[in-house]
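Asker: Mind having a look at this structure? Questions to follow.
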4 protein chains.
Amino acid sequence: MPATLIALLHGPDQPGLVARVAGWIFARGGNILHADQHRDMQAGIFFQRVEWVPTGAVGVAEREAADFLVFSDSLGMQARILVANRRARIAVFVSKANHCFHDLILRWKAGDFSGDIVAIVGNHTALAEAARAYGLPFHHIPVTAETKAEAEARQLALVHELGADLIVLARYMQVLSADFLAKVDRPVINIHHSFLPAFAGGKPYHQAHARGVKLIGATAHYATRDLDEGPIINQDVARVTHRHDVDDLIRKGRDLEKTVLAQAVRWHLDGRVLVYGNKTVVFD
Amino acid sequence: MPATLIALLHGPDQPGLVARVAGWIFARGGNILHADQHRDMQAGIFFQRVEWVPTGAVGVAEREAADFLVFSDSLGMQARILVANRRARIAVFVSKANHCFHDLILRWKAGDFSGDIVAIVGNHTALAEAARAYGLPFHHIPVTAETKAEAEARQLALVHELGADLIVLARYMQVLSADFLAKVDRPVINIHHSFLPAFAGGKPYHQAHARGVKLIGATAHYATRDLDEGPIINQDVARVTHRHDVDDLIRKGRDLEKTVLAQAVRWHLDGRVLVYGNKTVVFD
Amino acid sequence: MPATLIALLHGPDQPGLVARVAGWIFARGGNILHADQHRDMQAGIFFQRVEWVPTGAVGVAEREAADFLVFSDSLGMQARILVANRRARIAVFVSKANHCFHDLILRWKAGDFSGDIVAIVGNHTALAEAARAYGLPFHHIPVTAETKAEAEARQLALVHELGADLIVLARYMQVLSADFLAKVDRPVINIHHSFLPAFAGGKPYHQAHARGVKLIGATAHYATRDLDEGPIINQDVARVTHRHDVDDLIRKGRDLEKTVLAQAVRWHLDGRVLVYGNKTVVFD
Amino acid sequence: MPATLIALLHGPDQPGLVARVAGWIFARGGNILHADQHRDMQAGIFFQRVEWVPTGAVGVAEREAADFLVFSDSLGMQARILVANRRARIAVFVSKANHCFHDLILRWKAGDFSGDIVAIVGNHTALAEAARAYGLPFHHIPVTAETKAEAEARQLALVHELGADLIVLARYMQVLSADFLAKVDRPVINIHHSFLPAFAGGKPYHQAHARGVKLIGATAHYATRDLDEGPIINQDVARVTHRHDVDDLIRKGRDLEKTVLAQAVRWHLDGRVLVYGNKTVVFD
């Protein structure tokens with residue numbers, strides 16, 4: 001079965017875009033499986049996710065992917081293209097908390113992800129043994145205030161060495177520097193344990209408890225140099241009452257964090273998340 | 001501003017459908033605003049909702065609508081097409097309960113619907129005065145076991161006379177006969193006060209309370225000759241506990257019924273609901 | 001049937017409180033219908049809502065209410081007590097938006113509230129006619145920057161004249177001054193159209209759209225001198241996507257605002273909301 | 001720290017029950033931590049969960065537990081009493097599906113349960129290795145139509161030998177016979193992968209897909225001789241669309257099943273679930 005191609009494109013709206021993209025694919029013998037469009041009427045921006053099967057010749061997918069980028073460029077569109085039989089490689093960064101760690105790995109082993117976890121990177125060794133029990137290499141890169149720059153250099157080298165396409169911060173409790181994020185040059189998905197923009201920063205469950213909110217939340221977003229300010233991919237909330245103390249919020253929050261992060265990773269891997277400005281379009 | 005056209009089509013899947021539809025529209029100078037596709041891989045069925053602006057000449061929308069049906073027929077597709085500046089006419093059937101009645105009318109007056117409520121039809125007079133206070137004609141057609149056939153004949157005549165495009169049963173507590181539904185020849189949306197298929201039939205809140213469920217629901221569906229078995233458009237649930245007696249379920253359920261029905265009506269009016277077999281595809 | 005009494009009390013935790021309160025009521029021939037306790041273990045605070053039927057003698061409820069306050073004082077507890085057959089009087093403040101206005105009135109007329117709306121107070125006349133159609137007096141008190149102090153004086157006088165027990169701000173788009181809130185001396189419930197503390201201040205749906213959140217919310221809270229900072233009574237959220245523009249958020253938000261506000265008012269009227277510090281305990 | 005006692009009682013309503021229970025505890029030097037009551041007004045039944053700390057003498061908890069049962073009997077109440085420092089022993093029954101299995105064990109290891117998983121019992125060996133990796137004994141008891149009676153006898157013997165207080169069917173795909181359920185004489189919690197009573201019986205996700213529902217659900221209930229008809233402890237739902245095929249429903253459903261079952265087990269272990277007739281009162 002031939003690889004499908006997935007293109008995510010966006011740019012200034014103009015008449016005929018849907019027809020021209022569909023026509024380009026059809027003219028080369030491709031069959032469109034899914035095509036979703038969105039128009040931001042106020043901003044005049046056109047967004048599209050299109051997934052198609054090219055003709056079956058060997059190597060055609062990669063060639064057609066390259067050609068499509070030239071084509072979309074001629075339309076004035078920015079595009080990202082995925083060849084769907086090329087499974088993404090994922091590096092998972094962890095600290096001590098293990099719920100997202102176990103959850104991501106078990107989902108991956110259950111076949112939920114169109115990508116593969118290739119390594120666990122921890123600033124603590126708390127999850128080293130568990131990682132190895134799953135058959136995953138664990139890389140311990142401790143981070144202190146003094147050694148942060150050096151540690152990030154090691155992380156960068158490791159990410160490149162692993163050929164990772166995606167970094168997932170599974171409750172990794174360190175802030176990545178703007179420098180790291182600039183150099184890493186691949187998407188980094190973080191899970192923040194609040195309904196952003198409420199309770200940005202540290203100890204959000206403590207903040208939520210102090211404020212007396214009736215819902216707690218979790219937010220998966222792309223990490224950017226502005227902490228907790230990156231494009232939001234997914235959010236969810238759970239109801240709490242005065243009966244829940246901070247520990248209960250933390251416990252209930254774990255379920256939110258797991259499902260919100262896993263869904264965001266899944267959408268990303270399936271080529272469903274298009275970033276523009278500081279927002280996302282999720283073609284789900 | 002020219003009228004937009006909305007086509008809902010479905011039929012046997014085949015390569016090139018997206019491109020051919022887009023190409024047909026583009027060739028005639030139209031601009032596609034939205035196009036959503038879905039493929040049921042197992043059943044081999046292709047579904048599409050496409051919304052476009054034809055060239056601005058007077059009367060072109062109606063002509064192009066007719067032409068499109070010929071075209072979609074040539075593709076082996078069943079299609080329904082809406083001309084979006086033609087507002088649908090809605091007849092609302094009621095009994096005594098007034099929550100969906102008020103809710104639909106207030107949403108309509110708030111501009112939420114791309115259609116107009118043109119009359120209220122009641123088998124009781126409980127809402128007659130309230131209807132008139134909203135400036136809406138109220139038609140009282142009482143129904144008893146003996147007079148049902150005659151009453152339905154009057155309802156049918158009224159629906160045709162009103163030129164209604166849609167009938168909404170806003171907690172209308174009578175079962176419409178298969179004969180009526182066959183003859184009325186336009187969609188009928190009903191709200192059932194349970195999460196179908198649980199608790200079909202009468203007194204669903206009593207059934208729910210007796211069974212001790214932890215969630216109650218509401219279901220908006222197209223009425224068919226098989227009572228409570230028609231294609232489901234929308235459903236939602238709310239959490240209940242042992243503290244809620246049947247009256248509480250009824251009260252909480254009213255909120256569900258209102259929002260679930262209103263959303264279903266809205267989707268229907270926006271040409272977002274495609275019926276096939278006994279199911280719906282909702283392009284939301 | 002004799003009036004029930006509802007007491008809300010809180011204070012420093014100490015052994016035997018539940019037994020002493022229950023014993024006090026029992027010794028006077030009362031029968032406890034409901035009694036909910038909560039302990040904030042960290043803060044060492046005890047909270048209780050207890051609802052009971054005193055013996056049936058005429059006038060006993062009022063006397064026992066007064067006696068209970070002396071008793072709870074002897075326990076070192078702060079208490080509020082309601083005599084449940086004394087229906088609260090509600091003044092609803094509005095501006096131009098009508099969704100919460102209609103919703104509250106229709107729920108009241110449906111018998112959902114253990115209190116009565118006695119007047120509508122508007123800084124615009126947009127809802128004057130609709131109020132009168134419901135048989136409710138409408139008081140127009142315009143507010144401008146220059147006349148604010150004077151307008152608030154009129155509002156204060158009106159609230160006292162009406163004998164209102166509760167003020168509900170049903171999308172009343174004016175900030176009440178700290179001076180007004182100090183002098184009004186009765187609870188004021190506001191609905192804020194965001195999931196506080198996210199998007200406090202003006203135009204929260206615009207803020208939410210700009211940030212690209214995936215859920216929008218509404219928050220009912222007691223108004224305090226710190227705008228949008230008062231004790232939260234109720235919150236809820238709804239899912240949104242990139243397909244929703246600001247107008248869609250506003251429309252979807254209306255449903256949230258209605259149900260979140262109505263539930264908060266209902267809980268307040270049923271004596272289920274206990275305020276302490278800047279938080280609430282809701283005995284639902 | 002002395003053990004707390006938790007009593008769940010219910011019986012015919014009568015005046016003074018709250019005061020008498022509180023007085024009984026207080027008279028013996030106990031301190032009530034939590035006390036929740038519920039009255040089913042229509043059925044005239046009183047329900048209570050009361051949690052208290054008895055005086056600290058050694059062995060007092062067990063004696064007071066026994067005494068309380070005599071006392072509650074004198075009130076005409078049925079009661080169940082837990083001594084909270086006695087951790088319940090849990091046997092988890094599995095087949096091949098592993099999501100609830102991993103989820104329960106990881107929550108247990110995270111300290112979420114006031115009880116301990118002591119063994120895994122499988123009719124297949126699919127999870128044997130994983131169980132042992134968690135340090136848990138795995139008992140393989142295969143079941144076929146011919147050997148069912150014999151297999152259940154082995155299961156019964158094992159449950160007694162393990163001293164299990166609770167059996168959790170974590171997607172155990174065998175129906176337990178009425179005979180087994182009668183003899184096992186301890187609670188059995190099952191997770192059914194639908195929103196019961198909708199889609200009882202086999203292959204509920206296939207049923208849900210065929211019916212075209214817009215929400216899928218999961219239900220945790222006590223197993224009784226009437227398959228899928230036992231008292232419901234917890235339910236939840238998730239939204240689905242036409243885009244979800246049966247495999248997607250199964251995948252989405254796994255998250256529901258995990259959280260719904262884990263919450264039910266947690267509530268059960270915390271003595272929060274009171275069964276009466278075919279319903280539950282959950283004091284959460």
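Convention: chains lettered A, B, ... in structure tokens order; per-chain residue numbering from 1; ligands numbered from 1 as shown.
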Given a cut-off of 8 Å, which residues of chain C touch chain B, counting only C-alpha atoms, written out as a list of chain:residue names?
Answerer: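 Every residue meeting the condition is included here: C:Asp112, C:Arg251, C:Asp255, C:Thr259.
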Asker: At a cut-off of 8 Å, using only C-alpha atoms, what residues contact Thr241 (chain B)? Leave out same-chain residues fewer than 6 positions from it and give the result as a list in words.
Answerer: Lys214 of chain B; Val281 and Val282 of chain D
Asker: Take the residues just selected and output them with N, CA and C atoms as a short mmCIF file (atom, residue, chain, number, x, y, z; two decimals), in the first residue's frame.
Answerer:
data_model
loop_
_atom_site.label_atom_id
_atom_site.label_comp_id
_atom_site.auth_asym_id
_atom_site.auth_seq_id
_atom_site.Cartn_x
_atom_site.Cartn_y
_atom_site.Cartn_z
N LYS B 214 -26.31 7.52 36.53
CA LYS B 214 -25.56 8.64 37.08
C LYS B 214 -25.48 9.81 36.11
N VAL D 281 -26.22 4.77 46.46
CA VAL D 281 -26.01 6.13 46.94
C VAL D 281 -24.50 6.28 47.05
N VAL D 282 -23.95 7.27 46.35
CA VAL D 282 -22.50 7.49 46.40
C VAL D 282 -22.25 8.79 47.17
#
Asker: Tell me which protein, DNA and RNA residues are within 12 Å of Thr224 (chain B), counting only C-alpha atoms, leaving out same-chain ones fewer than 3 positions away, and put them as a list in words.
Answerer: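 Returned residues: Val175, Leu176, Ser177, Ala178, Asp179, Phe180, Leu181, Ala182, Lys183, Val184, Asp185, Arg186, Pro187, Val188, Ile189, Asn190, His221, Leu227, Asp228, Glu229, Gly230, Pro231, Ile232, Gly277, Asn278 and Lys279 of chain B.
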Asker: Could you write those residues out with N, CA and C atoms, as a PDB file, in the first residue's frame?
Answerer:
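Result went into part-v1.pdb, see below:
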ATOM      1  N   VAL B 175     -47.454  11.139  19.414  1.00  0.00           N
ATOM      2  CA  VAL B 175     -46.732  10.381  18.407  1.00  0.00           C
ATOM      3  C   VAL B 175     -47.339  10.683  17.048  1.00  0.00           C
ATOM      4  N   LEU B 176     -46.519  11.067  16.094  1.00  0.00           N
ATOM      5  CA  LEU B 176     -47.009  11.288  14.737  1.00  0.00           C
ATOM      6  C   LEU B 176     -47.088   9.939  14.022  1.00  0.00           C
ATOM      7  N   SER B 177     -48.152   9.728  13.298  1.00  0.00           N
ATOM      8  CA  SER B 177     -48.335   8.422  12.656  1.00  0.00           C
ATOM      9  C   SER B 177     -47.381   8.260  11.476  1.00  0.00           C
ATOM     10  N   ALA B 178     -47.121   7.006  11.139  1.00  0.00           N
ATOM     11  CA  ALA B 178     -46.296   6.719   9.969  1.00  0.00           C
ATOM     12  C   ALA B 178     -46.904   7.356   8.731  1.00  0.00           C
ATOM     13  N   ASP B 179     -48.215   7.377   8.693  1.00  0.00           N
ATOM     14  CA  ASP B 179     -48.902   7.963   7.545  1.00  0.00           C
ATOM     15  C   ASP B 179     -48.609   9.462   7.449  1.00  0.00           C
ATOM     16  N   PHE B 180     -48.698  10.153   8.581  1.00  0.00           N
ATOM     17  CA  PHE B 180     -48.386  11.585   8.584  1.00  0.00           C
ATOM     18  C   PHE B 180     -46.956  11.821   8.118  1.00  0.00           C
ATOM     19  N   LEU B 181     -46.030  11.043   8.684  1.00  0.00           N
ATOM     20  CA  LEU B 181     -44.615  11.264   8.364  1.00  0.00           C
ATOM     21  C   LEU B 181     -44.333  10.984   6.897  1.00  0.00           C
ATOM     22  N   ALA B 182     -45.054  10.003   6.331  1.00  0.00           N
ATOM     23  CA  ALA B 182     -44.862   9.719   4.912  1.00  0.00           C
ATOM     24  C   ALA B 182     -45.376  10.872   4.062  1.00  0.00           C
ATOM     25  N   LYS B 183     -46.514  11.424   4.462  1.00  0.00           N
ATOM     26  CA  LYS B 183     -47.138  12.455   3.629  1.00  0.00           C
ATOM     27  C   LYS B 183     -46.524  13.832   3.804  1.00  0.00           C
ATOM     28  N   VAL B 184     -45.940  14.095   4.979  1.00  0.00           N
ATOM     29  CA  VAL B 184     -45.532  15.475   5.259  1.00  0.00           C
ATOM     30  C   VAL B 184     -44.354  15.892   4.385  1.00  0.00           C
ATOM     31  N   ASP B 185     -43.516  14.905   4.048  1.00  0.00           N
ATOM     32  CA  ASP B 185     -42.509  15.114   3.020  1.00  0.00           C
ATOM     33  C   ASP B 185     -41.567  16.281   3.300  1.00  0.00           C
ATOM     34  N   ARG B 186     -41.266  16.515   4.535  1.00  0.00           N
ATOM     35  CA  ARG B 186     -40.222  17.478   4.907  1.00  0.00           C
ATOM     36  C   ARG B 186     -39.688  17.048   6.272  1.00  0.00           C
ATOM     37  N   PRO B 187     -38.500  17.467   6.620  1.00  0.00           N
ATOM     38  CA  PRO B 187     -37.901  16.936   7.858  1.00  0.00           C
ATOM     39  C   PRO B 187     -38.656  17.343   9.109  1.00  0.00           C
ATOM     40  N   VAL B 188     -38.715  16.415  10.051  1.00  0.00           N
ATOM     41  CA  VAL B 188     -39.329  16.636  11.359  1.00  0.00           C
ATOM     42  C   VAL B 188     -38.259  16.327  12.405  1.00  0.00           C
ATOM     43  N   ILE B 189     -37.922  17.324  13.222  1.00  0.00           N
ATOM     44  CA  ILE B 189     -36.916  17.112  14.279  1.00  0.00           C
ATOM     45  C   ILE B 189     -37.631  17.000  15.616  1.00  0.00           C
ATOM     46  N   ASN B 190     -37.305  15.949  16.343  1.00  0.00           N
ATOM     47  CA  ASN B 190     -37.904  15.720  17.655  1.00  0.00           C
ATOM     48  C   ASN B 190     -36.828  15.772  18.734  1.00  0.00           C
ATOM     49  N   HIS B 221     -33.420  14.064  17.215  1.00  0.00           N
ATOM     50  CA  HIS B 221     -33.345  13.141  16.082  1.00  0.00           C
ATOM     51  C   HIS B 221     -34.437  13.464  15.076  1.00  0.00           C
ATOM     52  N   LEU B 227     -40.740   4.957  16.189  1.00  0.00           N
ATOM     53  CA  LEU B 227     -40.686   5.896  17.308  1.00  0.00           C
ATOM     54  C   LEU B 227     -39.345   5.837  18.032  1.00  0.00           C
ATOM     55  N   ASP B 228     -38.719   6.977  18.231  1.00  0.00           N
ATOM     56  CA  ASP B 228     -37.447   7.090  18.964  1.00  0.00           C
ATOM     57  C   ASP B 228     -36.307   6.329  18.290  1.00  0.00           C
ATOM     58  N   GLU B 229     -36.510   5.977  17.019  1.00  0.00           N
ATOM     59  CA  GLU B 229     -35.490   5.193  16.326  1.00  0.00           C
ATOM     60  C   GLU B 229     -34.870   5.952  15.158  1.00  0.00           C
ATOM     61  N   GLY B 230     -35.272   7.194  14.959  1.00  0.00           N
ATOM     62  CA  GLY B 230     -34.795   7.933  13.798  1.00  0.00           C
ATOM     63  C   GLY B 230     -33.338   8.347  13.926  1.00  0.00           C
ATOM     64  N   PRO B 231     -32.770   8.880  12.845  1.00  0.00           N
ATOM     65  CA  PRO B 231     -31.347   9.271  12.841  1.00  0.00           C
ATOM     66  C   PRO B 231     -31.065  10.333  13.896  1.00  0.00           C
ATOM     67  N   ILE B 232     -30.067  10.092  14.715  1.00  0.00           N
ATOM     68  CA  ILE B 232     -29.711  10.994  15.806  1.00  0.00           C
ATOM     69  C   ILE B 232     -28.872  12.145  15.274  1.00  0.00           C
ATOM     70  N   GLY B 277     -28.907   6.130   5.547  1.00  0.00           N
ATOM     71  CA  GLY B 277     -29.388   5.012   6.342  1.00  0.00           C
ATOM     72  C   GLY B 277     -30.099   5.587   7.548  1.00  0.00           C
ATOM     73  N   ASN B 278     -29.787   5.078   8.722  1.00  0.00           N
ATOM     74  CA  ASN B 278     -30.442   5.595   9.918  1.00  0.00           C
ATOM     75  C   ASN B 278     -29.483   6.425  10.769  1.00  0.00           C
ATOM     76  N   LYS B 279     -28.485   7.018  10.106  1.00  0.00           N
ATOM     77  CA  LYS B 279     -27.481   7.781  10.824  1.00  0.00           C
ATOM     78  C   LYS B 279     -27.319   9.160  10.198  1.00  0.00           C
TER      79      LYS B 279
END
Asker: One decimal, in Å: what's the spacing between CA of Val60 (chain B) and CA of Ala22 (chain A)?
Answerer: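 Taking CA of Val60 (chain B) as the start and CA of Ala22 (chain A) as the end point, the length is 24.3 Å.
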Asker: Enumerate as a list of chain:residue names all residues of region 235-265 of chain B assigned to helix (DSSP H, G or I) by DSSP on the backbone, naming them with the chain letters and numbers the document uses.
Answerer: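 Filtering region 235-265 of chain B to helix (DSSP H, G or I) leaves B:Val246, B:Asp247, B:Asp248, B:Leu249, B:Ile250, B:Arg251, B:Lys252, B:Gly253, B:Arg254, B:Asp255, B:Leu256, B:Glu257, B:Lys258, B:Thr259, B:Val260, B:Leu261, B:Ala262, B:Gln263, B:Ala264, B:Val265.
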Asker: Neighbours of region 75-79 of chain A within 8 Å (only C-alpha atoms; same-chain residues fewer than 2 positions away dropped), as a short mmCIF file (atom, residue, chain, number, x, y, z; two decimals) with N, CA and C atoms, in the first residue's frame?
Answerer:
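Result file is part-v7.cif:
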data_model
loop_
_atom_site.label_atom_id
_atom_site.label_comp_id
_atom_site.auth_asym_id
_atom_site.auth_seq_id
_atom_site.Cartn_x
_atom_site.Cartn_y
_atom_site.Cartn_z
N ALA A 7 -0.58 17.30 3.67
CA ALA A 7 -0.07 18.67 3.58
C ALA A 7 -0.90 19.58 4.46
N LEU A 8 -0.20 20.43 5.21
CA LEU A 8 -0.85 21.49 6.00
C LEU A 8 -0.41 22.81 5.39
N LEU A 9 -1.33 23.59 4.91
CA LEU A 9 -0.91 24.84 4.29
C LEU A 9 -1.78 25.99 4.75
N HIS A 10 -1.19 27.17 4.75
CA HIS A 10 -1.97 28.36 5.05
C HIS A 10 -1.31 29.58 4.44
N GLY A 11 -2.14 30.56 4.16
CA GLY A 11 -1.64 31.79 3.55
C GLY A 11 -2.81 32.68 3.19
N PRO A 12 -2.52 33.77 2.49
CA PRO A 12 -3.59 34.73 2.15
C PRO A 12 -4.68 34.04 1.33
N LEU A 69 5.59 21.23 -2.31
CA LEU A 69 6.08 22.43 -1.62
C LEU A 69 6.38 23.54 -2.62
N PHE A 71 4.82 23.83 -5.46
CA PHE A 71 3.47 24.25 -5.90
C PHE A 71 2.81 25.17 -4.88
N SER A 72 2.83 24.77 -3.60
CA SER A 72 2.15 25.59 -2.60
C SER A 72 2.85 26.94 -2.47
N ASP A 73 4.14 26.94 -2.67
CA ASP A 73 4.87 28.20 -2.65
C ASP A 73 4.37 29.11 -3.77
N ILE A 81 4.65 19.26 4.99
CA ILE A 81 4.14 18.03 4.38
C ILE A 81 4.73 16.81 5.08
#
Asker: What is the CA of Val168 (chain B)-CA of Ala91 (chain B) distance in Å, reported with one decimal?
Answerer: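 Interatomic distance here is 6.3 Å.
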Asker: May I have the residues within 9 Å of Arg86 (chain C) as a VMD selection string, using only C-alpha atoms and disregarding those fewer than 3 positions away in the same chain?
Answerer: chain C and resid 3 82 to 83 114 to 115
Asker: Counting only C-alpha atoms, what is within 10 Å of Glu64 (chain D), bar same-chain residues fewer than 5 positions away, as a ChimeraX atom specification?
Answerer: /D:5,25,28,30,54-55,59,69-70,83
Asker: Go ahead and save the residues from that selection, with C-alpha atoms, as a CSV table (one decimal), in the first residue's frame.
Answerer:
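Result file out_26.csv:
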chain,number,residue,atom,x,y,z
D,5,LEU,CA,-14.5,4.1,61.5
D,25,ILE,CA,-20.6,8.5,68.8
D,28,ARG,CA,-18.2,7.3,73.6
D,30,GLY,CA,-15.6,9.8,69.3
D,54,PRO,CA,-13.0,6.8,68.3
D,55,THR,CA,-11.0,7.4,71.4
D,59,GLY,CA,-8.4,-2.2,69.9
D,69,LEU,CA,-23.8,-2.6,64.4
D,70,VAL,CA,-25.8,-3.5,67.4
D,83,VAL,CA,-12.2,0.2,60.0
Asker: Please give the complete set of residues from region 72-229 of chain A that DSSP, run on the backbone, assigns to strand (DSSP E), formatted as number ranges by chain.
Answerer: A: 78-83, 88-94, 115-122, 138-140, 166-169, 188-192, 215-222
Asker: For Asp236 (chain C), find every residue with an atom within 12 Å (counting only C-alpha atoms), except residues of its own chain fewer than 6 positions away, and show them as a PyMOL selection string.
Answerer: (chain A and resi 213-217+236-240) or (chain C and resi 191-196+215-220+253-261+263-264)
